[in-house]
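Novice: To be precise about what I am sending: the file is called final_23.txt and holds compact mmCIF, C-alpha atoms and all ligand atoms.
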# COMPACT_ATOMS: atom_id res chain seq x y z
CA MET A 1 243.95 135.87 180.26
CA GLU A 2 245.51 132.49 179.44
CA ASN A 3 245.41 129.69 181.98
CA LEU A 4 247.96 127.14 183.18
CA ASN A 5 246.81 124.50 180.73
CA PHE A 6 247.41 126.80 177.79
CA PHE A 7 251.01 127.31 178.90
CA LYS A 8 251.52 123.60 179.55
CA ARG A 9 250.49 122.78 175.97
CA LYS A 10 252.63 125.61 174.66
CA SER A 11 255.70 124.37 176.56
CA LEU A 12 255.37 120.88 175.08
CA GLU A 13 254.99 122.32 171.60
CA LEU A 14 257.99 124.62 172.00
CA ASP A 15 260.16 121.76 173.33
CA LYS A 16 259.15 119.54 170.40
CA ASN A 17 260.42 122.15 167.96
CA ASP A 18 263.56 123.01 169.91
CA SER A 19 266.74 122.06 168.04
CA LEU A 20 268.76 122.31 171.28
CA ASN A 21 266.52 119.98 173.25
CA ASN A 22 269.04 117.11 173.24
CA PHE A 23 271.91 119.17 174.61
CA ARG A 24 270.62 118.67 178.15
CA ASN A 25 271.87 115.08 177.85
CA TYR A 26 275.44 116.38 177.95
CA PHE A 27 274.89 117.45 181.56
CA TYR A 28 274.66 115.50 184.78
CA SER A 29 271.38 115.99 186.65
CA GLU A 30 269.34 114.52 189.47
CA SER A 31 265.87 113.68 188.21
CA ASP A 32 263.87 115.71 190.76
CA LEU A 33 265.99 118.87 190.59
CA ILE A 34 265.15 121.72 188.21
CA TYR A 35 268.02 124.16 188.12
CA PHE A 36 267.45 127.87 187.51
CA ASP A 37 270.30 129.23 189.62
CA GLY A 38 270.71 132.58 188.07
CA ASN A 39 273.50 131.95 187.04
CA SER A 40 276.24 131.70 189.65
CA LEU A 41 277.30 128.21 188.65
CA GLY A 42 276.40 126.29 185.50
CA ARG A 43 275.62 122.58 185.51
CA LEU A 44 278.23 119.81 185.45
CA PRO A 45 279.00 118.49 181.95
CA LYS A 46 279.21 114.68 182.05
CA SER A 47 282.53 114.88 180.17
CA THR A 48 284.03 116.70 183.18
CA ILE A 49 283.55 113.66 185.40
CA ASP A 50 285.65 111.30 183.25
CA GLU A 51 288.20 113.94 182.31
CA THR A 52 288.84 114.91 185.92
CA ASN A 53 289.49 111.28 186.72
CA GLU A 54 291.88 110.95 183.78
CA VAL A 55 293.79 114.13 184.70
CA ILE A 56 294.15 113.17 188.33
CA ARG A 57 294.91 109.48 187.92
CA ASN A 58 296.93 109.34 184.73
CA GLN A 59 298.28 112.82 184.06
CA TRP A 60 299.07 113.92 187.59
CA GLY A 61 299.29 110.45 189.19
CA ARG A 62 301.25 108.56 186.54
CA ASP A 63 302.94 111.04 184.17
CA LEU A 64 303.59 113.66 186.84
CA ILE A 65 305.78 116.59 185.68
CA GLN A 66 306.01 115.17 182.15
CA SER A 67 302.34 115.99 181.70
CA TRP A 68 303.32 119.62 181.06
CA ASN A 69 304.84 118.61 177.73
CA LYS A 70 302.36 115.84 176.97
CA HIS A 71 299.11 117.62 177.87
CA TRP A 72 299.09 120.79 179.87
CA PHE A 73 300.82 123.43 177.70
CA LYS A 74 298.47 122.47 174.87
CA LEU A 75 295.44 122.98 177.11
CA ILE A 76 295.85 126.76 177.12
CA ASN A 77 295.87 126.80 173.35
CA ASP A 78 292.80 124.54 173.07
CA THR A 79 290.84 126.69 175.50
CA THR A 80 291.60 129.98 173.76
CA ILE A 81 290.57 128.44 170.42
CA HIS A 82 287.16 127.48 171.82
CA LEU A 83 286.60 130.85 173.47
CA SER A 84 287.64 132.78 170.38
CA GLU A 85 285.25 130.75 168.24
CA MET A 86 282.40 131.72 170.56
CA PHE A 87 283.46 135.40 170.72
CA GLN A 88 284.16 135.53 166.98
CA CYS A 89 287.66 136.89 167.49
CA ASN A 90 291.25 135.65 167.09
CA PRO A 91 292.70 133.09 169.53
CA SER A 92 295.71 135.41 169.88
CA GLU A 93 293.40 138.02 171.42
CA VAL A 94 292.33 135.77 174.29
CA PHE A 95 294.00 134.87 177.59
CA VAL A 96 292.52 132.12 179.80
CA GLY A 97 293.43 131.84 183.47
CA GLU A 98 293.21 133.23 187.00
CA SER A 99 290.03 134.90 188.30
CA THR A 100 287.80 137.62 186.86
CA SER A 101 288.67 140.00 189.71
CA ASN A 102 292.36 139.37 189.18
CA ASN A 103 292.07 139.88 185.44
CA LEU A 104 290.06 143.06 185.79
CA TYR A 105 292.73 144.42 188.11
CA LYS A 106 295.51 143.56 185.66
CA VAL A 107 293.77 145.09 182.65
CA ILE A 108 292.64 148.32 184.31
CA ASP A 109 295.87 148.82 186.21
CA SER A 110 297.84 148.21 183.00
CA LEU A 111 295.79 150.91 181.28
CA ALA A 112 296.33 153.24 184.24
CA GLN A 113 300.12 152.74 183.96
CA THR A 114 300.10 154.15 180.41
CA LYS A 115 299.45 157.58 182.04
CA LYS A 116 297.04 158.44 179.22
CA PHE A 117 293.99 158.54 181.50
CA ASN A 118 292.88 160.82 184.30
CA THR A 119 289.57 159.27 185.42
CA ILE A 120 287.93 155.86 185.84
CA ILE A 121 284.16 155.80 185.41
CA THR A 122 281.87 153.06 186.67
CA ASP A 123 278.29 152.78 187.93
CA SER A 124 276.04 151.30 190.59
CA LEU A 125 274.89 148.38 188.41
CA ASN A 126 278.43 146.99 188.37
CA PHE A 127 279.45 143.94 190.40
CA PRO A 128 280.81 144.98 193.84
CA SER A 129 284.18 143.26 193.30
CA ASP A 130 284.75 145.36 190.17
CA ILE A 131 283.89 148.57 192.03
CA TYR A 132 286.29 147.75 194.90
CA ILE A 133 289.10 147.11 192.42
CA ILE A 134 288.51 150.29 190.42
CA GLU A 135 288.38 152.49 193.52
CA GLU A 136 291.67 151.01 194.73
CA ILE A 137 293.39 151.54 191.35
CA CYS A 138 292.20 155.17 191.37
CA SER A 139 293.61 155.88 194.78
CA ARG A 140 296.98 154.22 194.03
CA ASN A 141 297.36 156.03 190.71
CA ASN A 142 295.90 159.38 191.65
CA LEU A 143 293.05 159.02 189.18
CA ARG A 144 289.59 160.51 189.66
CA PHE A 145 286.93 157.94 190.64
CA GLU A 146 283.67 158.85 188.89
CA PHE A 147 280.91 156.68 190.31
CA LEU A 148 277.46 157.00 188.75
CA LYS A 149 274.89 156.06 191.36
CA TYR A 150 271.56 155.58 189.62
CA ASN A 151 268.14 156.15 191.13
CA ASN A 152 267.30 152.46 190.93
CA ASP A 153 269.17 149.14 190.79
CA ILE A 154 267.43 147.98 187.60
CA GLU A 155 268.48 150.11 184.64
CA CYS A 156 271.37 152.29 183.61
CA GLU A 157 270.54 155.98 183.14
CA ILE A 158 271.97 155.74 179.68
CA ASP A 159 271.92 159.46 178.77
CA ARG A 160 273.71 160.29 182.00
CA LEU A 161 276.34 157.62 181.29
CA LYS A 162 276.85 158.87 177.73
CA ASN A 163 277.14 162.50 178.87
CA THR A 164 279.68 161.51 181.49
CA ILE A 165 281.79 159.76 178.86
CA GLN A 166 281.53 162.74 176.51
CA ASN A 167 282.49 165.18 179.27
CA ASN A 168 285.45 163.08 180.36
CA PRO A 169 287.72 162.32 177.42
CA ASN A 170 290.79 160.21 178.32
CA SER A 171 288.91 158.06 180.83
CA ILE A 172 288.80 154.35 181.50
CA ILE A 173 285.24 153.04 181.76
CA SER A 174 284.39 149.77 183.48
CA LEU A 175 280.92 148.21 183.16
CA SER A 176 279.32 144.77 183.43
CA LEU A 177 277.67 144.13 180.09
CA VAL A 178 274.79 142.27 181.76
CA SER A 179 274.04 143.53 185.25
CA TYR A 180 274.19 140.77 187.86
CA LYS A 181 271.02 141.83 189.67
CA SER A 182 268.47 142.99 187.14
CA SER A 183 269.93 141.47 183.95
CA TYR A 184 269.97 144.90 182.27
CA CYS A 185 272.08 144.73 179.11
CA TYR A 186 273.95 147.86 177.94
CA PRO A 187 273.82 149.06 174.32
CA TYR A 188 277.40 147.86 173.97
CA ARG A 189 278.08 148.71 170.35
CA ALA A 190 276.95 152.33 170.76
CA LEU A 191 279.05 152.69 173.92
CA ASN A 192 282.12 151.14 172.29
CA GLU A 193 281.82 153.66 169.45
CA LEU A 194 281.27 156.58 171.80
CA CYS A 195 284.38 155.64 173.80
CA GLU A 196 286.46 155.36 170.66
CA LYS A 197 285.41 158.87 169.60
CA ASN A 198 286.26 160.30 173.04
CA ASN A 199 289.69 158.70 173.50
CA CYS A 200 288.30 156.51 176.27
CA GLU A 201 288.91 152.81 176.87
CA LEU A 202 285.92 150.70 177.88
CA VAL A 203 286.68 147.50 179.80
CA TRP A 204 283.66 145.18 179.80
CA ASP A 205 282.97 142.50 182.38
CA LEU A 206 281.28 139.76 180.34
CA SER A 207 280.72 137.34 183.25
CA HIS A 208 276.92 137.26 182.83
CA ALA A 209 277.04 137.45 179.04
CA ALA A 210 279.66 134.88 177.98
CA GLY A 211 277.97 131.74 176.68
CA ALA A 212 274.56 133.41 176.73
CA LEU A 213 274.63 136.31 174.25
CA ASN A 214 275.80 136.11 170.68
CA LEU A 215 278.66 138.61 171.01
CA ASN A 216 280.87 139.36 168.04
CA LEU A 217 283.77 141.09 169.75
CA LYS A 218 285.39 142.18 166.50
CA LYS A 219 282.33 143.41 164.65
CA ASP A 220 280.98 145.19 167.72
CA LYS A 221 284.30 146.94 168.30
CA PHE A 222 285.26 145.63 171.73
CA SER A 223 288.76 146.60 172.86
CA PHE A 224 289.04 145.13 176.37
CA ALA A 225 286.95 142.55 178.23
CA VAL A 226 287.19 140.09 181.10
CA GLY A 227 284.81 137.43 182.39
CA CYS A 228 284.36 134.05 183.98
CA THR A 229 283.66 130.55 182.68
CA TYR A 230 281.74 129.05 185.61
CA LYS A 231 278.34 130.56 184.80
CA PHE A 232 276.87 130.00 181.31
CA LEU A 233 280.03 128.23 180.11
CA ASN A 234 279.73 125.45 182.70
CA GLY A 235 283.44 125.33 183.57
CA GLY A 236 282.82 124.38 187.22
CA PRO A 237 283.35 126.16 190.54
CA GLY A 238 286.30 128.56 190.34
CA SER A 239 287.13 127.63 186.73
CA PRO A 240 289.62 129.96 184.99
CA ALA A 241 288.52 133.39 183.83
CA PHE A 242 289.48 135.13 180.57
CA ILE A 243 290.75 138.41 179.15
CA PHE A 244 290.11 139.72 175.65
CA VAL A 245 292.26 142.50 174.21
CA SER A 246 291.81 143.43 170.56
CA LYS A 247 294.97 142.82 168.54
CA GLU A 248 295.36 146.52 167.81
CA LYS A 249 295.72 147.20 171.56
CA ILE A 250 297.74 144.24 172.88
CA LYS A 251 301.12 145.92 172.48
CA SER A 252 299.89 149.17 174.04
CA ILE A 253 299.70 147.77 177.58
CA ASN A 254 301.98 145.83 179.91
CA SER A 255 300.60 143.69 182.67
CA THR A 256 301.46 145.24 185.99
CA ILE A 257 301.83 141.89 187.71
CA ARG A 258 305.20 140.61 186.55
CA GLY A 259 305.07 136.89 187.20
CA TRP A 260 307.44 134.36 185.64
CA PHE A 261 304.71 132.87 183.43
CA GLY A 262 304.21 136.27 181.77
CA HIS A 263 307.88 136.37 180.76
CA SER A 264 308.63 135.92 177.07
CA LYS A 265 310.81 132.89 177.96
CA PRO A 266 309.67 131.62 181.38
CA PHE A 267 311.76 128.47 181.27
CA ASP A 268 315.04 130.31 180.64
CA PHE A 269 314.75 131.59 184.23
CA ASN A 270 316.39 134.92 183.36
CA LEU A 271 316.88 137.32 186.22
CA LYS A 272 315.78 140.20 184.02
CA TYR A 273 312.06 140.48 183.30
CA GLU A 274 311.09 140.65 179.65
CA GLN A 275 307.34 140.71 179.17
CA SER A 276 305.78 138.42 176.60
CA ASP A 277 304.27 140.43 173.76
CA SER A 278 301.35 138.00 173.44
CA MET A 279 298.30 137.71 175.71
CA GLU A 280 300.41 135.38 177.86
CA LYS A 281 301.81 138.57 179.43
CA PHE A 282 298.74 138.42 181.70
CA ARG A 283 299.72 135.04 183.18
CA SER A 284 301.33 135.79 186.50
CA GLY A 285 301.79 132.23 187.75
CA THR A 286 301.28 128.52 187.10
CA PRO A 287 297.95 127.80 185.31
CA HIS A 288 295.25 126.05 187.38
CA ILE A 289 295.48 122.79 185.50
CA LEU A 290 292.76 120.79 187.24
CA SER A 291 289.99 123.20 186.32
CA LEU A 292 291.58 124.22 183.01
CA SER A 293 291.78 120.61 181.83
CA THR A 294 288.02 120.13 181.63
CA LEU A 295 287.28 123.54 180.13
CA PRO A 296 287.85 122.75 176.42
CA SER A 297 285.17 120.06 176.42
CA SER A 298 282.73 122.20 178.43
CA LEU A 299 283.25 125.03 175.92
CA SER A 300 282.88 122.67 173.00
CA ILE A 301 279.26 121.98 174.06
CA THR A 302 278.49 125.69 173.60
CA ASN A 303 280.25 125.77 170.23
CA GLU A 304 278.57 122.58 169.04
CA ALA A 305 275.17 124.07 169.88
CA SER A 306 276.38 127.43 168.46
CA ILE A 307 276.08 130.67 170.38
CA LYS A 308 273.68 131.96 167.73
CA ASN A 309 271.18 129.16 168.47
CA ILE A 310 271.67 129.54 172.21
CA ASP A 311 270.93 133.25 171.94
CA THR A 312 267.82 132.66 169.82
CA LYS A 313 266.43 130.13 172.32
CA ARG A 314 267.30 132.49 175.19
CA ILE A 315 265.07 135.20 173.72
CA LEU A 316 262.20 132.76 173.11
CA MET A 317 262.44 131.36 176.63
CA ILE A 318 262.39 134.85 178.14
CA LYS A 319 259.34 135.70 176.06
CA TYR A 320 257.57 132.49 177.11
CA PHE A 321 258.34 133.11 180.79
CA SER A 322 257.24 136.76 180.56
CA GLU A 323 253.87 135.72 179.10
CA MET A 324 253.34 133.25 181.94
CA PHE A 325 254.41 135.91 184.39
CA ASP A 326 251.85 138.43 183.12
CA ASN A 327 249.06 135.87 183.12
CA LEU A 328 249.77 133.88 186.27
CA LEU A 329 252.18 135.59 188.66
CA VAL A 330 251.40 139.34 188.63
CA ASN A 331 248.16 138.80 190.49
CA ARG A 332 250.00 136.69 193.09
CA GLY A 333 252.13 139.59 194.33
CA PHE A 334 255.18 139.10 192.09
CA THR A 335 256.97 141.99 190.36
CA TYR A 336 258.94 141.55 187.13
CA GLU A 337 262.10 143.49 187.98
CA SER A 338 264.18 142.98 184.83
CA PRO A 339 263.81 145.52 182.02
CA ASN A 340 261.85 144.74 178.85
CA HIS A 341 262.96 141.37 177.47
CA SER A 342 264.83 142.79 174.47
CA GLU A 343 267.26 144.58 176.78
CA ILE A 344 268.30 141.82 179.13
CA GLY A 345 270.85 139.07 179.39
CA SER A 346 270.12 135.47 180.25
CA HIS A 347 268.54 135.74 183.63
CA ILE A 348 265.25 137.20 184.76
CA SER A 349 264.90 138.93 188.11
CA ILE A 350 261.55 138.86 189.82
CA SER A 351 260.59 139.80 193.36
CA HIS A 352 257.89 139.33 195.97
CA ASN A 353 257.50 140.64 199.53
CA GLU A 354 258.30 137.09 200.57
CA SER A 355 261.14 136.42 198.08
CA TRP A 356 263.41 134.74 200.60
CA ARG A 357 260.80 132.38 202.06
CA ILE A 358 259.61 131.54 198.55
CA CYS A 359 263.20 130.68 197.67
CA LYS A 360 263.29 128.31 200.65
CA SER A 361 259.95 126.70 199.69
CA LEU A 362 261.28 126.08 196.17
CA LEU A 363 264.23 124.24 197.70
CA LYS A 364 262.26 122.18 200.18
CA PRO A 365 259.04 120.89 198.64
CA LYS A 366 256.96 118.37 200.59
CA SER A 367 256.99 116.25 197.44
CA GLY A 368 257.82 116.63 193.75
CA ASN A 369 260.52 118.68 192.08
CA LYS A 370 262.99 120.79 193.95
CA PHE A 371 263.90 124.11 192.25
CA ILE A 372 267.09 126.10 192.74
CA VAL A 373 267.06 129.82 191.99
CA ASP A 374 269.36 132.58 193.25
CA TYR A 375 268.41 135.11 195.88
CA ARG A 376 270.11 138.51 195.75
CA PRO A 377 269.43 141.12 198.45
CA ASP A 378 267.25 142.91 199.03
CA ARG A 379 264.44 141.24 197.11
CA PHE A 380 265.57 139.60 193.89
CA LEU A 381 264.92 136.04 192.80
CA ARG A 382 267.23 135.45 189.82
CA ILE A 383 266.12 132.82 187.36
CA ALA A 384 268.74 131.74 184.84
CA ILE A 385 267.66 131.04 181.31
CA THR A 386 270.07 128.32 180.23
CA PRO A 387 269.11 127.11 176.75
CA LEU A 388 271.64 124.27 176.81
CA TYR A 389 269.97 122.35 179.61
CA SER A 390 266.63 123.98 180.46
CA SER A 391 263.42 123.28 178.62
CA TYR A 392 260.29 125.35 178.18
CA HIS A 393 258.51 122.70 180.23
CA ASP A 394 260.95 123.28 183.11
CA LEU A 395 259.88 126.93 183.05
CA TYR A 396 256.25 125.89 183.03
CA LEU A 397 256.78 123.60 186.06
CA PHE A 398 258.57 126.42 187.86
CA VAL A 399 255.67 128.85 187.41
CA GLU A 400 253.19 126.16 188.43
CA ARG A 401 255.22 125.60 191.61
CA LEU A 402 255.36 129.34 192.42
CA MET A 403 251.57 129.48 192.11
CA ILE A 404 251.15 126.60 194.56
CA ILE A 405 253.59 128.14 197.06
CA ILE A 406 251.52 131.35 197.09
CA ASP A 407 248.04 129.85 196.82
CA LYS A 408 248.68 127.36 199.64
CA ASN A 409 250.72 129.80 201.76
CA GLU A 410 253.57 127.26 201.77
CA TYR A 411 256.17 129.96 202.35
CA LEU A 412 254.72 130.51 205.85
CA MET A 413 256.25 127.16 206.87
CA HIS A 414 259.75 128.69 206.65
CA ASP A 415 261.48 131.25 208.81
CA ASN A 416 263.57 134.18 207.59
CA SER A 417 267.00 132.83 208.66
CA LYS A 418 269.55 132.85 205.84
CA ASN A 419 272.49 130.72 204.68
CA ILE A 420 275.27 132.32 202.62
CA VAL A 421 273.90 130.58 199.50
CA PRO A 422 270.20 129.50 199.42
C1 LIG B 501 279.78 140.25 186.98
C2 LIG B 501 280.81 139.64 187.87
N1 LIG B 501 282.05 140.16 187.88
C3 LIG B 501 283.02 139.66 188.66
C4 LIG B 501 282.80 138.58 189.47
C5 LIG B 501 283.90 138.07 190.34
O1 LIG B 501 284.46 136.95 189.74
P1 LIG B 501 285.64 136.12 190.43
O2 LIG B 501 285.10 135.60 191.72
O3 LIG B 501 285.92 135.03 189.43
O4 LIG B 501 286.80 137.00 190.61
C6 LIG B 501 281.52 137.99 189.49
C7 LIG B 501 281.25 136.82 190.35
O5 LIG B 501 280.21 136.25 190.38
C8 LIG B 501 280.50 138.54 188.67
O6 LIG B 501 279.26 138.04 188.66
What do you get writing this file as C-alpha cells?

Specialist:
Amino acid sequence: MENLNFFKRKSLELDKNDSLNNFRNYFYSESDLIYFDGNSLGRLPKSTIDETNEVIRNQWGRDLIQSWNKHWFKLINDTTIHLSEMFQCNPSEVFVGESTSNNLYKVIDSLAQTKKFNTIITDSLNFPSDIYIIEEICSRNNLRFEFLKYNNDIECEIDRLKNTIQNNPNSIISLSLVSYKSSYCYPYRALNELCEKNNCELVWDLSHAAGALNLNLKKDKFSFAVGCTYKFLNGGPGSPAFIFVSKEKIKSINSTIRGWFGHSKPFDFNLKYEQSDSMEKFRSGTPHILSLSTLPSSLSITNEASIKNIDTKRILMIKYFSEMFDNLLVNRGFTYESPNHSEIGSHISISHNESWRICKSLLKPKSGNKFIVDYRPDRFLRIAITPLYSSYHDLYLFVERLMIIIDKNEYLMHDNSKNIVP
C-alpha cells in the first residue's frame, strides 16, 4: 500500500514533466476553486471575456447589421475549420450550430425519411434526451423502436448489441460514444465496421468525447455524428453544437427542418425551397452569433495543445487517480464505478453511500479549497479529467480532501436536500 505522501511526490513529478501544464493559464479561475465538474460545462477561456466584449460593443453595438458581412458569416467557416482539424476530417463534413438534441433529431429524422430503414436501435446507456428523440421519430415514422436495457448502468453488453445489429439489417443505431454516467467508451471502430457490413447507419453522440479523445473520424469510418462544444471544448453555456456527416453520405440525406438558412440561396428569398447541398442544409435558422463568436478561439486552445497530447495526458491522469483510489479510497467506502481505465472517456464515476452529502462537503469546506464535481442519480460522483486545465496535483488534493471528509465525518454536517445542480 502506498501512502498519501507517495502520491503527493508523484503528482509534483508528473506535473513537472507535463508538456500541457501551461495551458491552464489560458483559462480564468478563482484561486481556491478546483474544478472537476464531470464534465457538464468546461472552464471559461480568458479569450472569451475580451471577445464577448468586442462582439457586443463593436460588432453588435457599432457595426450592427453590417457585422454579418464583416465578421459573422466568416465565423461559421472558422469554427468548422477548427473542429475538422480536431476530428481529422474535412471542414465540408462539419456543421456548427443549434443544440445537440436538435441536431440529433435532424440527422436521425433525415435518415428515417430515406425510407431505407425499418428499425432504430439504442440502449440504456444513452443520454435521456437522445432516447426521447429516437422514440418520437419511431412513432412518427412507423419504425420499430429497439431499446436494449442492460442489466447495469455501467457497461454495454457488447455481444448483445452486436447480435442485435446483425439480426436487424437496415437499421439506424444511435449511441453515445462515451456514456454520460459511467464513462464507458464503445469499441467504435468495430461497431462502425459492423454497421457498414449490415446496411445500418450508426449515429454517434460525441458530446462526452469531443475534445477529450483522439478521434479520427475518417480513419475510424464514422458516417454520422453529433455533439456539443460546452463540455471538453470549453465553448460556454449553451454554445453551438455540431454535426458530422462523411462526404460520401452528405448528398444521401435532406434535413427535415426546412428553414431559410438551409436554403441554397437564403438571401434570394425564393418562395420555393431548394435545399443547400452542403452541410449548411442543417441550419434551420439564424446562427447564435454571441456564443459562436468566441468558439474559434476556445477551439484553438485544444488544437494548439493537440488532441493527441490531450488524450495521452487523459490516460495518464486516469491511471494516477485509479492508483490513488485503490490505495486510499476503497477502504473508505468508495466504489470505482467506471469500467477499466482503457475503456473509458474523460470522466471517472465513483460512488459512496453518502455520495450526495460528500458532494456538498466538497463544495462547502470550512477552510481551504472548494471542489466542484458532478452528482448524477442515484449514486454517481462524476470527476472530469480535463488535461487542459487540471494538474496531477489537483487530483492529489481532491483525494486528500475526500479522505478528510470521510475520516472526520464532515458529510454529517449536511442534510440530504438537493438543488438542481450541486
Ligand atoms: C451525451 C449528451 N447528449 C445530448 C445532450 C443534450 O445536449 P443539448 O442540451 O445541447 O441538446 C447532452 C447534454 O448534456 C449530453 O450529455

Novice: Find the residues of chain A that sit at most 8 Å from ligand LIG 501 (chain B); for each, write down the nearest two atoms and how far apart they are in Å, to one decimal. Count all atoms listed in the file. Sort by chain, then by number going up, and give it as CSV.

Specialist:
residue,atom,partner,partner_atom,distance
A:Ser40,CA,B:LIG501,O5,6.1
A:Glu98,CA,B:LIG501,O3,7.9
A:Ser99,CA,B:LIG501,O3,4.3
A:Thr100,CA,B:LIG501,O4,3.9
A:Ser101,CA,B:LIG501,O4,3.6
A:Asn102,CA,B:LIG501,O4,6.2
A:Asn103,CA,B:LIG501,O4,7.9
A:Asn126,CA,B:LIG501,C1,7.0
A:Phe127,CA,B:LIG501,C1,5.0
A:Pro128,CA,B:LIG501,C3,7.7
A:Ser129,CA,B:LIG501,C5,6.0
A:Asp130,CA,B:LIG501,C3,6.1
A:Ser176,CA,B:LIG501,C1,5.8
A:Val178,CA,B:LIG501,C1,7.5
A:Ser179,CA,B:LIG501,C1,6.8
A:Tyr180,CA,B:LIG501,C1,5.7
A:Asp205,CA,B:LIG501,C1,6.0
A:Leu206,CA,B:LIG501,C1,6.8
A:Ser207,CA,B:LIG501,C1,4.8
A:His208,CA,B:LIG501,C1,5.9
A:Gly227,CA,B:LIG501,N1,6.7
A:Cys228,CA,B:LIG501,O3,5.8
A:Gly238,CA,B:LIG501,O3,6.5
A:Ser239,CA,B:LIG501,O3,8.0
A:Pro240,CA,B:LIG501,O3,7.7
A:Ala241,CA,B:LIG501,O3,6.4

Novice: From the list A:Leu316, A:Ile131, A:Ile348, A:Cys200, which residue is nearest A:Arg382 when using all atoms listed in the file?

Specialist: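 Nearest to A:Arg382: A:Ile348.
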
Novice: Go through A:Val107, A:Ile350, A:Leu397, A:Leu177 and flag the residue nearest A:Pro377, using all atoms listed in the file for the distances.

Specialist: A:Ile350

Novice: May I ask for the distance between atom CA of A:Leu4 and atom CA of A:Lys319, given in Å to one decimal place?

Specialist: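 Straight-line distance from atom CA of A:Leu4 to atom CA of A:Lys319 works out to 15.9 Å.
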
Novice: How close does each residue of stretch 282-357 of chain A get to stretch 152-166 of chain A, giving the shortest atom pair and distance in Å to one decimal for every residue with an atom at most 10 Å away, counting only C-alpha atoms, sorted by chain and residue number, as a tab-separated table?

Specialist:
residue	atom	partner	partner_atom	distance
A:Glu337	CA	A:Ile154	CA	7.0
A:Ser338	CA	A:Ile154	CA	6.6
A:Pro339	CA	A:Glu155	CA	7.1
A:Glu343	CA	A:Glu155	CA	9.7
A:Ile344	CA	A:Glu155	CA	10.0
A:Ser349	CA	A:Ile154	CA	9.4

Novice: Would you put the residues from that selection into a file with C-alpha atoms, as a CSV table (one decimal), keeping the file's coordinate frame?

Specialist:
chain,number,residue,atom,x,y,z
A,337,GLU,CA,262.1,143.5,188.0
A,338,SER,CA,264.2,143.0,184.8
A,339,PRO,CA,263.8,145.5,182.0
A,343,GLU,CA,267.3,144.6,176.8
A,344,ILE,CA,268.3,141.8,179.1
A,349,SER,CA,264.9,138.9,188.1

Novice: Take the point (297.4, 147.5, 169.3) as written in the file and pick out every residue within 12 Å of it, counting only C-alpha atoms; give the list as a PyMOL selection string.

Specialist: chain A and resi 93+223-224+245-254+277-279

Novice: May I ask for the distance between atom CA of A:Ala305 and atom CA of A:Leu44, given in Å to one decimal place?

Specialist: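 Taking atom CA of A:Ala305 as the start and atom CA of A:Leu44 as the end point, the length is 16.4 Å.
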
Novice: Find the residues near stretch 210-215 of chain A: any atom within 10 Å, counting all atoms listed in the file, skip ones fewer than 2 places away on the same chain, and give them as a PyMOL selection string.

Specialist: chain A and resi 83+86-89+177-178+188+205-208+217-220+222+226-234+299+302-303+306-315+344-347+385-388

Novice: May I have the selected residues written with C-alpha atoms, as a CSV table (one decimal), in the coordinates of the input?

Specialist:
chain,number,residue,atom,x,y,z
A,83,LEU,CA,286.6,130.8,173.5
A,86,MET,CA,282.4,131.7,170.6
A,87,PHE,CA,283.5,135.4,170.7
A,88,GLN,CA,284.2,135.5,167.0
A,89,CYS,CA,287.7,136.9,167.5
A,177,LEU,CA,277.7,144.1,180.1
A,178,VAL,CA,274.8,142.3,181.8
A,188,TYR,CA,277.4,147.9,174.0
A,205,ASP,CA,283.0,142.5,182.4
A,206,LEU,CA,281.3,139.8,180.3
A,207,SER,CA,280.7,137.3,183.2
A,208,HIS,CA,276.9,137.3,182.8
A,217,LEU,CA,283.8,141.1,169.8
A,218,LYS,CA,285.4,142.2,166.5
A,219,LYS,CA,282.3,143.4,164.6
A,220,ASP,CA,281.0,145.2,167.7
A,222,PHE,CA,285.3,145.6,171.7
A,226,VAL,CA,287.2,140.1,181.1
A,227,GLY,CA,284.8,137.4,182.4
A,228,CYS,CA,284.4,134.0,184.0
A,229,THR,CA,283.7,130.6,182.7
A,230,TYR,CA,281.7,129.0,185.6
A,231,LYS,CA,278.3,130.6,184.8
A,232,PHE,CA,276.9,130.0,181.3
A,233,LEU,CA,280.0,128.2,180.1
A,234,ASN,CA,279.7,125.4,182.7
A,299,LEU,CA,283.2,125.0,175.9
A,302,THR,CA,278.5,125.7,173.6
A,303,ASN,CA,280.2,125.8,170.2
A,306,SER,CA,276.4,127.4,168.5
A,307,ILE,CA,276.1,130.7,170.4
A,308,LYS,CA,273.7,132.0,167.7
A,309,ASN,CA,271.2,129.2,168.5
A,310,ILE,CA,271.7,129.5,172.2
A,311,ASP,CA,270.9,133.2,171.9
A,312,THR,CA,267.8,132.7,169.8
A,313,LYS,CA,266.4,130.1,172.3
A,314,ARG,CA,267.3,132.5,175.2
A,315,ILE,CA,265.1,135.2,173.7
A,344,ILE,CA,268.3,141.8,179.1
A,345,GLY,CA,270.8,139.1,179.4
A,346,SER,CA,270.1,135.5,180.2
A,347,HIS,CA,268.5,135.7,183.6
A,385,ILE,CA,267.7,131.0,181.3
A,386,THR,CA,270.1,128.3,180.2
A,387,PRO,CA,269.1,127.1,176.8
A,388,LEU,CA,271.6,124.3,176.8

Novice: Rounded to one decimal place, report the atom CA of A:Phe325-atom CA of A:Lys360 distance in Å.

Specialist: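 Value for the atom CA of A:Phe325-atom CA of A:Lys360 distance: 20.0 Å.
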
Novice: Check the smallest atom-to-atom distance from each of A:Cys359, A:Ile383, A:Ile405, A:Leu292 to A:Ser417 using all atoms listed in the file, then report the winner.

Specialist: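 Of A:Cys359, A:Ile383, A:Ile405, A:Leu292, the one nearest A:Ser417, counting all atoms listed in the file, is A:Cys359.
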
Novice: Around the point (288.6, 117.3, 179.0) (coordinates from the file), which residues reach within 10 Å if we count all atoms listed in the file? Answer as a list in words.

Specialist: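 Checking each residue against the 10 Å limit leaves Ser47, Thr48, Ile49, Asp50, Glu51, Thr52, Asn53, Glu54, Val55, Leu75, Leu290, Ser291, Leu292, Ser293, Thr294, Leu295, Pro296, Ser297, Ser298, Leu299 and Ser300 of chain A.
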
Novice: Restrict the calculation to only C-alpha atoms, then for each residue of stretch 42-119 of chain A with any atom at most 7 Å from an atom of stretch 13-37 of chain A give the closest atom pair and their distance in Å to one decimal, rows by chain and rising residue number, as CSV.

Specialist:
residue,atom,partner,partner_atom,distance
A:Arg43,CA,A:Phe27,CA,6.5
A:Leu44,CA,A:Tyr28,CA,5.6
A:Pro45,CA,A:Phe27,CA,4.3
A:Lys46,CA,A:Phe27,CA,5.2

Novice: Since we have the selection now, will you write its residues out, keeping C-alpha atoms, as a short mmCIF file (atom, residue, chain, number, x, y, z; two decimals), in the coordinates of the input?

Specialist:
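Final output, saved to result29.cif:
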data_model
loop_
_atom_site.label_atom_id
_atom_site.label_comp_id
_atom_site.auth_asym_id
_atom_site.auth_seq_id
_atom_site.Cartn_x
_atom_site.Cartn_y
_atom_site.Cartn_z
CA ARG A 43 275.62 122.58 185.51
CA LEU A 44 278.23 119.81 185.45
CA PRO A 45 279.00 118.49 181.95
CA LYS A 46 279.21 114.68 182.05
#
